[in-house]
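Take a look at the structure below.
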Amino acid sequence: MNYKDLADLIFPNAKDISYYEEKYPERDLPEGAVVSRFAPSPTGFVHVGGLYQSLVAKEMTRKTGGVFFLRVEDTDQKREVENGVTDIVNSLKDFDILPDEGMVSETEEKGNYGPYKQSQRKEIYQAYAKYLLEQGKAYPCFCTAEEVEEIRKKQEAAKIRPGYYGIWAKCRNLTVEEAAEKIKNGEEYIVRFKSPGREDRKIKHHDIIKGNVDFPESDQDIVIIKADGLPTYHFAHAVDDHLMRTTHVIRSDEWLSSVPLHLQLFHELGFKAPKYAHISPIMKNDNGNKRKLSKRKDPEAAVSYYKEEGIPVAAVKEYLLNIANSTFENWRRANPEKTLEEFDFNLTKMSVSGALFDMVKLLDIGKTVISRMSAQEVYENSLKWAKEYDKELEKMLEDKEYALKIFGIERGNKKPRKDISKWSEVKSNIEYMYDDYYFSKSIEYPYQVINDKEDINNILKLYIEKYYNQNDDKQVWFDKIKELSGELGYAKEVKEYKANPDAYKAHVGDVSTVLRVALTARTNTPDMYEIMQVLGKESIVKRLTKAMEE
RNA sequence: GGCCCCGUGGUCAAGCGGUUAAGACAUCGCCCUUUCACGGCGGAGACAUGGGUUCGAUUCCCGUCGGGGUCACCA
């Protein structure tokens with residue numbers, strides 16, 4: 001009996017690996033093309049870190065004329081979540097990061113290097129496990145979970161490196177006859193990799209992001225095929241990324257310490273190893289401590305949060321790109337009109353340490369992004385968001401023509417107004433422009449400098465009766481407010497007032513504020529003339545009258 | 001604990017042996033302005049620490065401290 005016989009006993013039906021090597025040939029791509037992927041587990045919502053990786057991988061592949069694919073790593077059925085794949089597919093779609101290949105729905109996929117769902121690749125992994133078994137590079141292990149646990153405890157007690165390796169690897173030195181005997185007796189087993197590594201030797205690794213990193217070799221006989229017949233992450237990674245002809249593995253840096261193992265696996269399998277780029281995770285400050293953004297504790301860790309909050313997709317991508325390549329910010333300022341795709345993204349310039357997530361900055365980018373949009377775009381995005389998350393806003397937007405007028409206020413000029421950072425802010429931003437809404441609740445008027453009831457009513461009364469004319473142009477309109485101010489003893493110019501404050505009760509700015517508050521119940525609004533143009537005569541008179549009655 | 005990575009203002013960060021140590025967000029002040037925002041100008045604010053190497057270290061080396069990652073039949 002030899003290794004080959006043992007391998008046949010374990011995987012009698014597995015195909016020869018040459019079958020797969022031929023089925024998934026080298027890709028015919030231009031020189032330097034990057035083939036990369038996003039390979040999440042369907043265990044719930046997509047994390048911003050995943051979005052970040054996808055964005056980076058997508059940029060690299062797009063830039064080089066390569067391929068970006070989506071592979072689902074569902075080898076742990078215990079953690080799987082219903083519609084997990086759909087969630088992932090939709091999240092990428094929401095951010096317009098579309099894979100060239102891979103899963104496109106819960107069950108469908110596209111591309112010639114599939115299946116792209118690991119649970120459907122069982123026979124492939126087994127073929128390669130068999131290949132290793134035949135060469136004596138893997139072996140069946142009969143240790144139970146309890147036994148392995150016991151080994152670990154002994155190691156801990158003796159303060160030596162934990163793990164299944166060297167003399168601790170009990171099943172490693174079983175003869176093929178002994179192993180075959182146990183299998184025939186129906187003993188449970190898993191398949192382990194027989195590591196050729198030595199802990200006292202170093203390996204050199206060059207990571208695209210982290211740079212040169214030296215590690216001790218891996219000597220762990222890790223599990224490659226679990227009791228359920230599915231592979232572990234490490235083994236699946238080696239087999240899949242080889243067969244899918246991945247050139248660059250772009251993943252979270254929690255994997256960095258597995259690199260020695262992965263390199264060894266690739267080598268023993270006879271594969272050419274891909275290049276690795278380990279991305280630092282996005283962190284969060286938690287009581288003075290940095291930690292990764294957590295799915296449990298931080299709502300902003302889930303990409304769905306950004307959609308729900310209505311933070312513009314472009315803002316999220318710009319923010320992420322900004323973290324990824326610090327040159328992005330300068331580029332953006334120099335090229336405000338260019339699309340994100342035109343930015344020359346550079347993997348090697350990515351930061352080695354993890355950035356703290358900065359919501360304030362993200363929202364600032366949101367403001368800038370929205371300020372550059374046309375009224376039409378603002379309308380469309382608001383409506384799209386409202387349909388899903390805010391029925392009241394959706395109703396407000398029913399009158400498209402009116403909404404476009406509102407969104408058009410102070411927009412489209414060289415210094416557009418920056419007052420909306422996300423779609424969920426739209427309602428509070430425009431609600432006072434709707435009479436139905438405005439009059440539906442009790443109104444409080446936050447008058448400022450001029451807050452005497454009589455003074456206020458005098459201003460409003462005189463304005464309506466003598467000065468207000470909806471057809472005035474802006475200059476005439478404002479000249480009239482000045483005249484009104486003068487008539488009632490307020491300074492017509494702010495400068496005049498400042499020069500001689502005792503001579504006046506207040507100035508034209510304060511009078512304007514009275515009008516603004518009476519009209520909108522706010523102290524902070526965009527240009528009042530434009531607002532009045534949009535509101536129209538009927539509404540204005542109604543509002544001012546109401547204010548006088550209060 | 002072993003191994004690995006990291007440490008420039010509150011945050012993101014330029015910087016590659018000699019710089020007045022950029023810039024952005026945030027913050028403060030002023031200007032502009034009928035309000036707010038925008039915009040403009042300006043202020044405050046940083047090389048974790050101790051040793052080397054060097055004529056000279058933020059930059060190179062070592063230690064310390066601090067932070068992070070990883071040590072599963074999870075990915």
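Residue names in the structure tokens use chain letters A, B, ... in the order shown, residue numbers from 1 in each chain, and ligand numbers from 1 in the order shown.
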| task | Apply DSSP to the backbone of this structure and, from range 41-225 of chain A, keep only the residues in helix (DSSP H, G or I); write these as JSON, numbers by chain. | result | {"A": [48, 49, 50, 51, 52, 53, 54, 55, 56, 57, 58, 59, 60, 61, 62, 63, 64, 77, 78, 79, 84, 85, 86, 87, 88, 89, 90, 91, 92, 93, 94, 118, 119, 120, 121, 122, 123, 124, 125, 126, 127, 128, 129, 130, 131, 132, 133, 134, 145, 146, 147, 148, 149, 150, 151, 152, 153, 154, 155, 156, 157, 166, 167, 168, 170, 171, 172, 173, 176, 177, 178, 179, 180, 181, 182, 183, 184]}
Could you write out the selected residues, including C-alpha atoms, as a PDB file, in the first residue's frame?
ATOM      1  CA  VAL A  48     -17.374  49.089   4.847  1.00  0.00           C
ATOM      2  CA  GLY A  49     -13.999  47.388   4.914  1.00  0.00           C
ATOM      3  CA  GLY A  50     -15.316  45.022   2.268  1.00  0.00           C
ATOM      4  CA  LEU A  51     -16.572  47.910   0.203  1.00  0.00           C
ATOM      5  CA  TYR A  52     -13.197  49.569   0.581  1.00  0.00           C
ATOM      6  CA  GLN A  53     -11.383  46.458  -0.635  1.00  0.00           C
ATOM      7  CA  SER A  54     -13.776  46.072  -3.533  1.00  0.00           C
ATOM      8  CA  LEU A  55     -13.322  49.662  -4.562  1.00  0.00           C
ATOM      9  CA  VAL A  56      -9.562  49.300  -4.497  1.00  0.00           C
ATOM     10  CA  ALA A  57      -9.608  46.002  -6.358  1.00  0.00           C
ATOM     11  CA  LYS A  58     -12.058  47.319  -8.917  1.00  0.00           C
ATOM     12  CA  GLU A  59      -9.921  50.394  -9.544  1.00  0.00           C
ATOM     13  CA  MET A  60      -6.803  48.324 -10.069  1.00  0.00           C
ATOM     14  CA  THR A  61      -8.433  45.898 -12.452  1.00  0.00           C
ATOM     15  CA  ARG A  62     -10.208  48.612 -14.396  1.00  0.00           C
ATOM     16  CA  LYS A  63      -7.063  50.652 -14.722  1.00  0.00           C
ATOM     17  CA  THR A  64      -5.040  47.734 -16.059  1.00  0.00           C
ATOM     18  CA  GLN A  77     -22.519  26.551   6.703  1.00  0.00           C
ATOM     19  CA  LYS A  78     -23.007  27.302  10.377  1.00  0.00           C
ATOM     20  CA  ARG A  79     -22.440  30.992   9.894  1.00  0.00           C
ATOM     21  CA  GLY A  84     -26.394  36.429   2.119  1.00  0.00           C
ATOM     22  CA  VAL A  85     -25.245  36.417  -1.481  1.00  0.00           C
ATOM     23  CA  THR A  86     -28.041  38.722  -2.554  1.00  0.00           C
ATOM     24  CA  ASP A  87     -27.016  41.199   0.116  1.00  0.00           C
ATOM     25  CA  ILE A  88     -23.474  41.229  -1.169  1.00  0.00           C
ATOM     26  CA  VAL A  89     -24.472  41.546  -4.807  1.00  0.00           C
ATOM     27  CA  ASN A  90     -26.867  44.381  -4.041  1.00  0.00           C
ATOM     28  CA  SER A  91     -24.429  46.240  -1.860  1.00  0.00           C
ATOM     29  CA  LEU A  92     -21.854  46.295  -4.618  1.00  0.00           C
ATOM     30  CA  LYS A  93     -24.535  47.374  -7.046  1.00  0.00           C
ATOM     31  CA  ASP A  94     -25.581  50.230  -4.749  1.00  0.00           C
ATOM     32  CA  GLN A 118     -17.179  27.642  -2.893  1.00  0.00           C
ATOM     33  CA  SER A 119     -19.793  25.210  -1.682  1.00  0.00           C
ATOM     34  CA  GLN A 120     -20.226  24.233  -5.327  1.00  0.00           C
ATOM     35  CA  ARG A 121     -16.545  23.583  -5.813  1.00  0.00           C
ATOM     36  CA  LYS A 122     -16.305  20.658  -3.430  1.00  0.00           C
ATOM     37  CA  GLU A 123     -15.104  18.183  -6.019  1.00  0.00           C
ATOM     38  CA  ILE A 124     -12.414  20.568  -7.176  1.00  0.00           C
ATOM     39  CA  TYR A 125     -10.952  20.922  -3.701  1.00  0.00           C
ATOM     40  CA  GLN A 126     -11.087  17.198  -3.239  1.00  0.00           C
ATOM     41  CA  ALA A 127      -9.192  16.637  -6.471  1.00  0.00           C
ATOM     42  CA  TYR A 128      -6.395  18.875  -5.249  1.00  0.00           C
ATOM     43  CA  ALA A 129      -6.463  17.352  -1.780  1.00  0.00           C
ATOM     44  CA  LYS A 130      -6.129  13.978  -3.406  1.00  0.00           C
ATOM     45  CA  TYR A 131      -3.242  15.277  -5.471  1.00  0.00           C
ATOM     46  CA  LEU A 132      -1.477  16.262  -2.253  1.00  0.00           C
ATOM     47  CA  LEU A 133      -2.360  12.965  -0.592  1.00  0.00           C
ATOM     48  CA  GLU A 134      -0.863  11.032  -3.497  1.00  0.00           C
ATOM     49  CA  ALA A 145     -11.729  17.913  18.523  1.00  0.00           C
ATOM     50  CA  GLU A 146     -11.238  16.956  22.158  1.00  0.00           C
ATOM     51  CA  GLU A 147      -7.838  15.457  21.497  1.00  0.00           C
ATOM     52  CA  VAL A 148      -6.691  18.525  19.642  1.00  0.00           C
ATOM     53  CA  GLU A 149      -7.934  20.646  22.485  1.00  0.00           C
ATOM     54  CA  GLU A 150      -5.986  18.527  24.913  1.00  0.00           C
ATOM     55  CA  ILE A 151      -2.816  18.958  22.926  1.00  0.00           C
ATOM     56  CA  ARG A 152      -3.341  22.685  23.000  1.00  0.00           C
ATOM     57  CA  LYS A 153      -3.744  22.674  26.754  1.00  0.00           C
ATOM     58  CA  LYS A 154      -0.541  20.751  27.249  1.00  0.00           C
ATOM     59  CA  GLN A 155       1.271  23.189  25.045  1.00  0.00           C
ATOM     60  CA  GLU A 156      -0.103  26.124  26.905  1.00  0.00           C
ATOM     61  CA  ALA A 157       0.833  24.613  30.235  1.00  0.00           C
ATOM     62  CA  GLY A 166       6.078  18.426  14.565  1.00  0.00           C
ATOM     63  CA  ILE A 167       5.952  15.957  17.408  1.00  0.00           C
ATOM     64  CA  TRP A 168       2.472  17.133  18.374  1.00  0.00           C
ATOM     65  CA  LYS A 170       0.103  12.601  16.135  1.00  0.00           C
ATOM     66  CA  CYS A 171      -1.406  11.430  12.880  1.00  0.00           C
ATOM     67  CA  ARG A 172       1.370  12.821  10.740  1.00  0.00           C
ATOM     68  CA  ASN A 173       3.506   9.735  11.085  1.00  0.00           C
ATOM     69  CA  VAL A 176      -0.519   4.392   5.090  1.00  0.00           C
ATOM     70  CA  GLU A 177      -1.503   0.954   6.301  1.00  0.00           C
ATOM     71  CA  GLU A 178      -2.465   2.245   9.724  1.00  0.00           C
ATOM     72  CA  ALA A 179      -4.423   5.106   8.221  1.00  0.00           C
ATOM     73  CA  ALA A 180      -6.196   2.855   5.743  1.00  0.00           C
ATOM     74  CA  GLU A 181      -7.048   0.463   8.537  1.00  0.00           C
ATOM     75  CA  LYS A 182      -8.691   3.211  10.585  1.00  0.00           C
ATOM     76  CA  ILE A 183     -10.639   4.464   7.607  1.00  0.00           C
ATOM     77  CA  LYS A 184     -11.886   0.986   6.843  1.00  0.00           C
TER      78      LYS A 184
END
In Å and to one decimal, CA of Leu484 in chain A is distant from CA of Glu410 in chain A by 25.7 Å
Closest atom pairs, residues of chain B within 7 Å of chain A, only C-alpha atoms (C1' of nucleotides), as CSV:
residue,atom,partner,partner_atom,distance
B:G2,C1',A:Arg161,CA,6.7
B:C4,C1',A:Ser257,CA,6.5
B:C6,C1',A:Ser353,CA,5.6
B:U11,C1',A:Asp358,CA,6.7
B:C12,C1',A:Ile323,CA,6.7
B:A13,C1',A:Ser326,CA,6.5
B:C25,C1',A:Lys361,CA,5.2
B:U34,C1',A:Gly509,CA,4.2
B:U35,C1',A:Asn524,CA,5.8
B:C36,C1',A:Asn524,CA,4.4
B:A37,C1',A:Lys418,CA,6.3
B:C38,C1',A:Arg417,CA,5.9
B:G69,C1',A:Glu254,CA,5.6
B:U70,C1',A:Ser257,CA,5.9
B:C73,C1',A:Lys226,CA,4.7
B:A75,C1',A:Tyr233,CA,6.3
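Among the candidates A:Val259, A:Leu535, A:Ile10, A:Leu70, the residue lying nearest to Pro140 in chain A is A:Ile10 (atoms considered: only C-alpha atoms).
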Q | Who sits within 12 Å of Tyr24 in chain A, only C-alpha atoms (C1' of nucleotides), same chain under 3 positions skipped, as an MDAnalysis selection string | A | chainID A and resid 17:21 27:28 111:115 124 239:246
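The space separating CA of Phe95 in chain A from CA of Thr247 in chain A comes to 24.2 Å.
Counting from CA of Glu380 in chain A, the distance to CA of Tyr306 in chain A is 17.3 Å.
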- Any idea what's packed within 7 Å of range 52-67 of chain B, counting only C-alpha atoms (C1' of nucleotides), ignoring anything in its chain fewer than 5 positions away? Could you give it as a VMD selection string? chain B and resid 8 16 to 18 47
Self-check item: Residue list (strand (DSSP E or B), DSSP) for range 74-229 of chain A, as a count of residues only
Solution: 31
Applying 10 Å and only C-alpha atoms (C1' of nucleotides), which residues near G45 in chain B remain after dropping the ones on its own chain fewer than 3 positions away? List them as JSON, numbers by chain. {"B": [9, 10, 27]}
Suppose we keep C-alpha atoms (C1' of nucleotides); can you now write the selection as a JSON list (two decimals), in the first residue's frame?
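In the end it all went to part-v8.json:
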[["chain", "number", "residue", "atom", "x", "y", "z"],
["B", 9, "G", "C1'", -1.34, 68.62, 15.12],
["B", 10, "G", "C1'", -8.19, 66.41, 17.49],
["B", 27, "U", "C1'", -11.59, 74.46, 15.71]]
